[in-house]
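Participant: So here's data01.txt (compact mmCIF, C-alpha atoms and all ligand atoms).
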# COMPACT_ATOMS: atom_id res chain seq x y z
CA MET A 1 90.23 14.87 -78.57
CA PRO A 2 90.27 18.64 -77.96
CA PRO A 3 89.80 20.60 -81.18
CA GLY A 4 93.00 21.51 -83.00
CA THR A 5 95.44 19.50 -80.86
CA GLY A 6 95.43 16.19 -82.73
CA GLN A 7 96.18 14.53 -79.38
CA PHE A 8 93.88 12.18 -77.49
CA VAL A 9 92.98 13.63 -74.10
CA PRO A 10 90.99 11.20 -71.93
CA THR A 11 87.75 12.26 -70.30
CA ILE A 12 88.10 11.97 -66.52
CA VAL A 13 85.01 11.10 -64.51
CA PHE A 14 85.16 11.64 -60.75
CA LEU A 15 82.92 9.42 -58.64
CA GLY A 16 82.56 11.52 -55.50
CA GLY A 17 82.53 15.30 -55.53
CA GLY A 18 83.86 16.08 -52.05
CA ARG A 19 87.01 17.71 -50.72
CA ILE A 20 89.74 16.11 -52.80
CA THR A 21 87.72 16.31 -56.03
CA SER A 22 87.09 20.01 -55.36
CA ALA A 23 90.83 20.56 -54.78
CA ILE A 24 91.80 18.73 -57.99
CA VAL A 25 89.21 20.56 -60.08
CA ALA A 26 90.37 23.88 -58.59
CA GLY A 27 93.97 22.98 -59.50
CA LEU A 28 92.94 22.16 -63.06
CA ARG A 29 91.34 25.59 -63.34
CA VAL A 30 94.53 27.24 -62.03
CA ALA A 31 96.50 25.25 -64.64
CA ARG A 32 94.03 26.35 -67.35
CA SER A 33 93.62 22.69 -68.17
CA ARG A 34 91.59 21.62 -71.20
CA GLN A 35 91.08 18.12 -69.78
CA PRO A 36 87.43 17.09 -70.12
CA VAL A 37 86.16 16.44 -66.57
CA VAL A 38 82.79 15.18 -65.33
CA VAL A 39 81.87 14.88 -61.65
CA HIS A 40 79.28 12.49 -60.23
CA ASP A 41 78.14 12.62 -56.59
CA ARG A 42 75.01 11.45 -54.79
CA ASN A 43 74.50 14.95 -53.33
CA LEU A 44 72.98 17.30 -55.85
CA SER A 45 73.96 20.32 -53.74
CA LYS A 46 77.66 19.40 -54.00
CA LEU A 47 77.36 18.99 -57.76
CA LYS A 48 75.66 22.36 -58.07
CA ARG A 49 78.40 24.00 -56.02
CA LEU A 50 81.17 22.40 -58.10
CA HIS A 51 79.45 23.51 -61.31
CA ARG A 52 78.99 27.04 -59.98
CA GLN A 53 82.54 27.39 -58.63
CA TYR A 54 84.56 25.64 -61.33
CA ASP A 55 82.20 25.45 -64.31
CA VAL A 56 82.73 21.69 -64.29
CA VAL A 57 80.36 19.26 -66.05
CA VAL A 58 78.30 17.41 -63.44
CA GLU A 59 76.25 14.24 -63.77
CA PRO A 60 73.96 13.01 -60.98
CA ASN A 61 73.27 9.72 -62.78
CA LEU A 62 76.06 7.16 -62.22
CA GLU A 63 75.41 5.25 -65.43
CA GLN A 64 75.42 8.40 -67.55
CA ALA A 65 78.62 9.55 -65.85
CA VAL A 66 80.44 6.25 -66.47
CA ARG A 67 79.32 6.24 -70.12
CA GLN A 68 81.42 9.37 -70.68
CA ALA A 69 84.57 8.08 -68.97
CA ASP A 70 87.96 7.11 -70.35
CA PHE A 71 89.35 7.23 -66.81
CA LEU A 72 87.30 6.86 -63.63
CA ILE A 73 88.57 8.42 -60.41
CA VAL A 74 87.12 6.80 -57.31
CA ALA A 75 86.99 9.70 -54.86
CA VAL A 76 84.66 8.49 -52.12
CA ARG A 77 85.73 7.78 -48.54
CA PRO A 78 87.23 4.32 -48.00
CA ASP A 79 84.14 3.00 -46.21
CA SER A 80 81.95 4.08 -49.17
CA VAL A 81 84.09 2.26 -51.75
CA PRO A 82 82.49 -1.24 -51.55
CA ALA A 83 78.94 0.03 -52.11
CA LEU A 84 80.05 2.29 -54.96
CA LEU A 85 81.96 -0.52 -56.70
CA GLU A 86 78.98 -2.83 -56.26
CA ARG A 87 76.83 -0.34 -58.16
CA LEU A 88 79.58 0.16 -60.74
CA ARG A 89 79.72 -3.55 -61.46
CA GLY A 90 76.21 -3.49 -62.92
CA THR A 91 76.85 -0.27 -64.83
CA LEU A 92 80.06 -1.59 -66.40
CA ALA A 93 78.41 -4.87 -67.38
CA THR A 94 75.78 -2.87 -69.35
CA ARG A 95 78.56 -0.75 -70.90
CA SER A 96 80.49 -3.77 -72.14
CA GLN A 97 77.33 -5.40 -73.56
CA GLU A 98 76.51 -2.27 -75.54
CA LYS A 99 79.76 -2.16 -77.50
CA ASN A 100 83.05 -3.97 -77.62
CA VAL A 101 84.95 -1.50 -75.48
CA ALA A 102 88.45 -1.55 -73.98
CA PRO A 103 88.67 -1.86 -70.19
CA LEU A 104 88.26 1.40 -68.30
CA ILE A 105 91.15 2.77 -66.28
CA ALA A 106 89.96 3.19 -62.69
CA ILE A 107 92.09 5.25 -60.31
CA SER A 108 91.31 4.91 -56.63
CA LEU A 109 92.17 7.75 -54.25
CA ALA A 110 90.91 5.77 -51.26
CA ALA A 111 93.55 5.73 -48.51
CA GLY A 112 94.68 2.28 -47.47
CA ILE A 113 92.64 0.12 -49.89
CA PRO A 114 95.15 -2.01 -51.82
CA LEU A 115 94.97 -2.78 -55.54
CA ALA A 116 94.34 -6.45 -54.76
CA ARG A 117 91.21 -5.59 -52.79
CA LEU A 118 89.99 -3.14 -55.41
CA ARG A 119 90.36 -5.93 -57.99
CA GLN A 120 88.47 -8.33 -55.72
CA MET A 121 85.60 -5.87 -55.54
CA LEU A 122 85.59 -4.99 -59.25
CA ASN A 123 87.47 -7.49 -61.32
CA SER A 124 86.24 -7.10 -64.84
CA GLN A 125 86.12 -4.29 -67.38
CA VAL A 126 88.64 -2.18 -65.44
CA LEU A 127 92.37 -1.88 -64.89
CA TRP A 128 93.28 -0.34 -61.55
CA ALA A 129 95.70 2.33 -60.41
CA ARG A 130 95.98 4.14 -57.09
CA ALA A 131 96.72 7.81 -56.63
CA MET A 132 97.38 9.78 -53.47
CA PRO A 133 97.03 13.48 -54.31
CA SER A 134 97.41 16.30 -51.82
CA PRO A 135 94.73 18.99 -51.37
CA ILE A 136 97.51 21.52 -52.03
CA CYS A 137 96.96 20.59 -55.67
CA LYS A 138 94.27 23.28 -55.62
CA ASN A 139 97.14 25.78 -56.07
CA GLY A 140 98.88 23.64 -58.70
CA THR A 141 101.69 22.74 -56.27
CA GLY A 142 100.51 19.36 -54.96
CA LEU A 143 102.31 16.05 -54.80
CA THR A 144 100.68 12.86 -56.08
CA ALA A 145 102.00 9.31 -55.58
CA LEU A 146 100.91 6.67 -58.11
CA ALA A 147 100.86 2.86 -58.04
CA TRP A 148 99.73 0.55 -60.82
CA GLU A 149 98.37 -2.87 -61.50
CA ARG A 150 100.98 -4.78 -63.48
CA GLU A 151 98.62 -5.18 -66.44
CA LEU A 152 98.12 -1.46 -66.89
CA PRO A 153 99.75 -0.46 -70.22
CA ARG A 154 102.55 2.14 -70.38
CA GLN A 155 100.54 4.48 -72.54
CA GLN A 156 97.71 4.71 -70.02
CA ARG A 157 100.19 5.13 -67.16
CA HIS A 158 101.66 8.04 -69.07
CA GLN A 159 98.19 9.58 -69.51
CA VAL A 160 97.43 9.23 -65.79
CA ARG A 161 100.79 10.82 -64.89
CA SER A 162 100.12 13.65 -67.34
CA PHE A 163 96.73 14.25 -65.76
CA PHE A 164 98.10 14.58 -62.21
CA SER A 165 101.20 16.51 -63.29
CA GLN A 166 98.90 19.39 -64.27
CA ILE A 167 98.33 20.01 -60.55
CA GLY A 168 101.78 19.42 -59.10
CA SER A 169 104.64 16.93 -58.84
CA VAL A 170 104.05 13.23 -59.46
CA LEU A 171 105.96 10.19 -58.32
CA ASP A 172 105.59 6.46 -58.95
CA LEU A 173 105.76 4.50 -55.70
CA PRO A 174 105.77 0.76 -55.04
CA GLU A 175 102.40 -0.01 -53.51
CA ILE A 176 104.02 -1.44 -50.39
CA LYS A 177 105.16 2.11 -49.51
CA PHE A 178 101.81 3.76 -50.20
CA ASP A 179 100.47 3.81 -46.64
CA ALA A 180 103.72 5.19 -45.20
CA PHE A 181 103.68 7.88 -47.88
CA THR A 182 100.00 8.65 -47.16
CA VAL A 183 100.63 9.29 -43.50
CA THR A 184 103.82 11.29 -44.11
CA TYR A 185 103.05 13.56 -47.08
CA SER A 186 99.89 15.15 -45.69
CA SER A 187 99.81 18.94 -45.67
CA SER A 188 98.06 18.56 -42.32
CA HIS A 189 101.53 18.17 -40.75
CA GLY A 190 102.42 21.70 -41.81
CA TYR A 191 99.15 23.14 -40.48
CA HIS A 192 99.49 21.14 -37.27
CA ALA A 193 103.06 22.32 -36.69
CA LEU A 194 102.03 25.91 -37.50
CA ALA A 195 99.16 25.81 -35.01
CA THR A 196 101.35 24.23 -32.31
CA LEU A 197 104.21 26.72 -32.74
CA ALA A 198 101.88 29.73 -32.90
CA ASP A 199 99.95 28.59 -29.79
CA ALA A 200 103.21 28.24 -27.87
CA ALA A 201 104.27 31.72 -29.03
CA GLU A 202 100.95 33.19 -27.88
CA GLN A 203 101.55 31.64 -24.46
CA LEU A 204 104.85 33.58 -24.36
CA GLY A 205 102.94 36.82 -24.87
CA LEU A 206 102.89 37.38 -28.65
CA ASP A 207 99.58 38.59 -30.04
CA ARG A 208 97.83 36.08 -32.33
CA LYS A 209 98.66 37.81 -35.61
CA THR A 210 102.35 38.19 -34.83
CA ALA A 211 102.52 34.65 -33.45
CA TYR A 212 101.18 33.21 -36.72
CA MET A 213 103.41 35.45 -38.81
CA ALA A 214 106.51 34.42 -36.87
CA ALA A 215 105.57 30.72 -36.84
CA SER A 216 104.69 30.57 -40.55
CA HIS A 217 107.99 32.20 -41.52
CA ALA A 218 109.87 29.88 -39.18
CA LEU A 219 108.40 26.76 -40.80
CA ALA A 220 107.84 27.71 -44.42
CA ASP A 221 110.92 29.84 -45.19
CA GLY A 222 113.40 27.29 -43.92
CA ILE A 223 111.76 24.45 -45.82
CA VAL A 224 111.49 26.44 -49.05
CA ALA A 225 115.18 27.34 -48.70
CA TRP A 226 116.11 23.68 -48.16
CA ARG A 227 114.15 22.62 -51.25
CA SER A 228 115.64 25.29 -53.47
CA GLN A 229 119.34 24.81 -52.69
CA LYS A 230 121.86 22.03 -52.41
CA ASP A 231 122.91 22.41 -48.76
CA SER A 232 122.14 19.50 -46.51
CA LEU A 233 119.69 19.83 -43.64
CA ASP A 234 122.57 19.47 -41.17
CA ILE A 235 124.37 22.46 -42.68
CA LEU A 236 121.19 24.56 -42.67
CA LEU A 237 120.46 23.60 -39.06
CA GLU A 238 123.99 24.59 -38.09
CA GLU A 239 123.59 27.89 -39.90
CA ALA A 240 120.24 28.64 -38.20
CA ALA A 241 121.30 27.74 -34.65
CA THR A 242 124.35 29.31 -33.01
CA PRO A 243 126.06 26.72 -30.75
CA GLY A 244 124.78 27.23 -27.22
CA GLY A 245 122.41 29.93 -28.53
CA ILE A 246 118.66 30.37 -28.22
CA ALA A 247 117.53 28.25 -31.20
CA GLU A 248 119.79 25.36 -30.19
CA THR A 249 118.58 25.55 -26.58
CA ALA A 250 114.94 25.49 -27.73
CA MET A 251 115.50 22.51 -30.08
CA ALA A 252 117.38 20.53 -27.44
CA ALA A 253 114.59 21.11 -24.90
CA MET A 254 111.98 20.00 -27.49
CA ASN A 255 113.97 16.83 -28.20
CA ARG A 256 114.32 16.06 -24.49
CA SER A 257 110.54 16.45 -24.16
CA GLY A 258 109.96 13.73 -26.77
CA TYR A 259 109.47 15.72 -29.97
CA ALA A 260 110.78 12.92 -32.23
CA LYS A 261 108.83 10.30 -30.29
CA ALA A 262 105.58 12.28 -30.59
CA VAL A 263 106.02 12.47 -34.38
CA GLN A 264 106.84 8.75 -34.63
CA THR A 265 103.81 7.86 -32.49
CA GLY A 266 101.58 10.04 -34.67
CA LEU A 267 102.82 8.46 -37.90
CA ARG A 268 102.40 4.94 -36.48
CA ALA A 269 98.80 5.71 -35.49
CA GLY A 270 98.11 7.12 -38.97
CA LEU A 271 99.69 4.07 -40.60
CA ALA A 272 97.51 1.75 -38.51
CA ALA A 273 94.42 3.74 -39.54
CA ALA A 274 95.40 3.48 -43.23
CA ARG A 275 96.01 -0.27 -42.89
CA ALA A 276 92.65 -0.74 -41.21
CA ASN A 277 91.06 0.39 -44.49
CA ALA A 278 92.61 -2.61 -46.24
CA THR A 279 90.29 -5.12 -44.64
CA PRO A 280 86.57 -5.42 -45.40
CA ARG A 281 84.16 -4.21 -42.76
CA GLY A 282 80.56 -3.13 -42.31
CA SER A 283 79.60 -0.16 -44.45
CA SER A 284 78.19 1.75 -41.48
CA ARG A 285 81.65 2.28 -39.94
CA ARG A 286 83.23 5.61 -40.78
CA SER A 287 86.78 5.70 -42.09
CA PRO A 288 89.27 6.62 -39.37
CA VAL A 289 91.31 8.39 -42.04
CA THR A 290 88.76 10.73 -43.56
CA PRO A 291 86.11 11.53 -40.98
CA LYS A 292 83.10 13.18 -42.56
CA LYS A 293 82.54 15.65 -39.77
CA LYS A 294 85.16 18.05 -38.49
CA THR A 295 87.22 16.42 -35.77
CA GLY A 296 89.46 19.39 -35.21
CA LYS A 297 89.47 22.75 -36.89
CA ARG A 298 93.10 22.54 -37.87
CA LEU A 299 93.37 19.00 -39.13
CA ARG A 300 90.82 18.77 -41.94
CA GLY A 301 91.72 17.73 -45.45
CA ALA A 302 94.04 14.84 -44.77
CA PRO A 303 93.44 11.66 -46.80
N1 LIG B 1 90.75 14.89 -48.65
C1 LIG B 1 92.02 14.69 -48.99
O1 LIG B 1 92.89 15.52 -48.81
C2 LIG B 1 92.42 13.40 -49.65
C3 LIG B 1 93.72 13.27 -50.17
C4 LIG B 1 94.06 12.06 -50.81
C5 LIG B 1 93.14 11.02 -50.90
N2 LIG B 1 91.92 11.19 -50.36
C6 LIG B 1 90.96 10.07 -50.50
O2 LIG B 1 89.93 10.55 -51.35
C7 LIG B 1 88.70 9.96 -50.97
C8 LIG B 1 87.66 11.08 -50.80
O3 LIG B 1 88.04 11.89 -49.71
P1 LIG B 1 87.31 13.30 -49.48
O4 LIG B 1 88.04 13.94 -48.36
O5 LIG B 1 87.14 14.04 -50.77
O6 LIG B 1 85.88 12.77 -48.99
P2 LIG B 1 84.50 13.58 -48.99
O7 LIG B 1 84.73 15.04 -48.88
O8 LIG B 1 83.62 12.92 -48.00
O9 LIG B 1 83.90 13.30 -50.47
C9 LIG B 1 83.36 12.06 -50.88
C10 LIG B 1 82.08 12.35 -51.62
O10 LIG B 1 81.62 11.15 -52.24
C11 LIG B 1 80.22 11.01 -51.99
N3 LIG B 1 79.81 9.61 -52.10
C12 LIG B 1 80.01 8.61 -51.22
N4 LIG B 1 79.50 7.46 -51.69
C13 LIG B 1 78.97 7.74 -52.90
C14 LIG B 1 78.30 6.96 -53.88
N5 LIG B 1 78.06 5.65 -53.71
N6 LIG B 1 77.88 7.57 -55.01
C15 LIG B 1 78.11 8.89 -55.20
N7 LIG B 1 78.75 9.69 -54.31
C16 LIG B 1 79.17 9.12 -53.18
C17 LIG B 1 80.07 11.54 -50.60
O11 LIG B 1 78.75 11.80 -50.27
P3 LIG B 1 78.28 11.72 -48.71
O12 LIG B 1 78.87 12.91 -48.04
O13 LIG B 1 76.79 11.74 -48.80
O14 LIG B 1 78.82 10.43 -48.14
C18 LIG B 1 80.94 12.80 -50.70
O15 LIG B 1 80.23 13.87 -51.31
C19 LIG B 1 88.94 9.16 -49.69
O16 LIG B 1 88.97 7.80 -50.00
C20 LIG B 1 90.29 9.66 -49.19
O17 LIG B 1 91.02 8.62 -48.57
C21 LIG B 1 91.52 12.33 -49.75
Give the structure from this file in structure tokens form.

Facilitator:
Amino acid sequence: MPPGTGQFVPTIVFLGGGRITSAIVAGLRVARSRQPVVVHDRNLSKLKRLHRQYDVVVEPNLEQAVRQADFLIVAVRPDSVPALLERLRGTLATRSQEKNVAPLIAISLAAGIPLARLRQMLNSQVLWARAMPSPICKNGTGLTALAWERELPRQQRHQVRSFFSQIGSVLDLPEIKFDAFTVTYSSSHGYHALATLADAAEQLGLDRKTAYMAASHALADGIVAWRSQKDSLDILLEEAATPGGIAETAMAAMNRSGYAKAVQTGLRAGLAAARANATPRGSSRRSPVTPKKKTGKRLRGAP
């Protein structure tokens, strides 16, 4: 309980101190959050960096980290989840022997791993939720989808929502829609579209700086306008493209070249990659959804 508030604020312990944990912790700093946060990771260098950058409490010992937790956030890549939960099982058994404690709330960020499988891997001393936060939460303007195990009490759901709402919008989503959301909501789409539009503009002769300025205004300003007013997308499209004019000609040519199909194909491939995380496999295989190494300069940071 933070001093003077009279309100219980759960201590959040992150297991995994990589990209999404860094983004969330950065967002909490932007929000001037007083939420107690501890980060555990197997890489001391990452813990040191997080401590240096965000003044966050770090704990290299898993057992000591879990001891401090009201909520655990599982923030390792999907292929690292089974080994982590295996280690957690022993740690939680010790915790429950020590004192008669309530089950921990464990929130998995792992793309594609369903609640049922999480429960199979760790079925005692925890109640599970899933969260899909966006790295944009580092600015406090993210979007997080949440799904719950049925047994998870309302009060704890409220506390989890309150935690993520410090770093952006929050929505409850039936778990069956989680993978489709995961592949659709990624900020990588914006960066990808920006890079594609700017590259095409450079090919027309714009210098790089002007190409990126023009492309970023084209994408961001229209979308911000759509979100902030009541007009439908059809009306805004009509307003932005004179019939028979340049914008309409460009859009029609893009559509004829398979623009919609390319997007559908991309989403289907992403969905298949998310679903592949649902089934057990050897721990040596890397997740297709969050590759550890850069696969392309412009597409990092997606779940
Ligand atoms: N990045 C995003 O934008 C995003 C958004 C939503 C959800 N997610 C989900 O969040 C999870 C983490 O993604 P990420 O991009 O943050 O991955 P990441 O940058 O690779 O971070 C994961 C961290 O966890 C560490 N780790 C792995 N196994 C561990 C263990 N047993 N004990 C302690 N630390 C361990 C990793 O260490 P090593 O490097 O040594 O393996 C790494 O430092 C994924 O499941 C992903 O699906 C990510």

Participant: Report, as lines of an AutoDock Vina configuration file, the centre and edge lengths in Å (one decimal) of the axis-aligned box enclosing every listed atom of ligand LIG 1 (chain B), padded by 8 Å on each side.

Facilitator:
center_x = 85.4
center_y = 10.6
center_z = -51.6
size_x = 33.3
size_y = 25.9
size_z = 23.2

Participant: When you look at Gly17 of chain A with a cut-off of 10 Å (counting all atoms listed in the file), what residues show up, excluding the ones that are within fewer than 5 positions of it in the same chain? I need them as a ChimeraX atom specification.

Facilitator: /A:22-23,25,38-44,46-47,49-50,58,74-76

Participant: Go ahead and dump the residues you just picked, C-alpha atoms, as a short mmCIF file (atom, residue, chain, number, x, y, z; two decimals), in the frame of the given file.

Facilitator:
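Output (out12.cif):
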data_model
loop_
_atom_site.label_atom_id
_atom_site.label_comp_id
_atom_site.auth_asym_id
_atom_site.auth_seq_id
_atom_site.Cartn_x
_atom_site.Cartn_y
_atom_site.Cartn_z
CA SER A 22 87.09 20.01 -55.36
CA ALA A 23 90.83 20.56 -54.78
CA VAL A 25 89.21 20.56 -60.08
CA VAL A 38 82.79 15.18 -65.33
CA VAL A 39 81.87 14.88 -61.65
CA HIS A 40 79.28 12.49 -60.23
CA ASP A 41 78.14 12.62 -56.59
CA ARG A 42 75.01 11.45 -54.79
CA ASN A 43 74.50 14.95 -53.33
CA LEU A 44 72.98 17.30 -55.85
CA LYS A 46 77.66 19.40 -54.00
CA LEU A 47 77.36 18.99 -57.76
CA ARG A 49 78.40 24.00 -56.02
CA LEU A 50 81.17 22.40 -58.10
CA VAL A 58 78.30 17.41 -63.44
CA VAL A 74 87.12 6.80 -57.31
CA ALA A 75 86.99 9.70 -54.86
CA VAL A 76 84.66 8.49 -52.12
#

Participant: Would you name the residues within 9 Å of ligand LIG 1 (chain B), counting only C-alpha atoms and all ligand atoms, and put them as a count of residues only?

Facilitator: 59

Participant: Give me the residues near segment 148-151 of chain A as an MDAnalysis selection string, where near means some atom within 7 Å (using all atoms listed in the file) and where sequence neighbours in that chain fewer than 5 positions away do not count.

Facilitator: chainID A and resid 115 127:130

Participant: Can you work out the spacing between atom CA of Val13 of chain A and atom CA of Asp70 of chain A in Å, to one decimal?

Facilitator: 7.7 Å
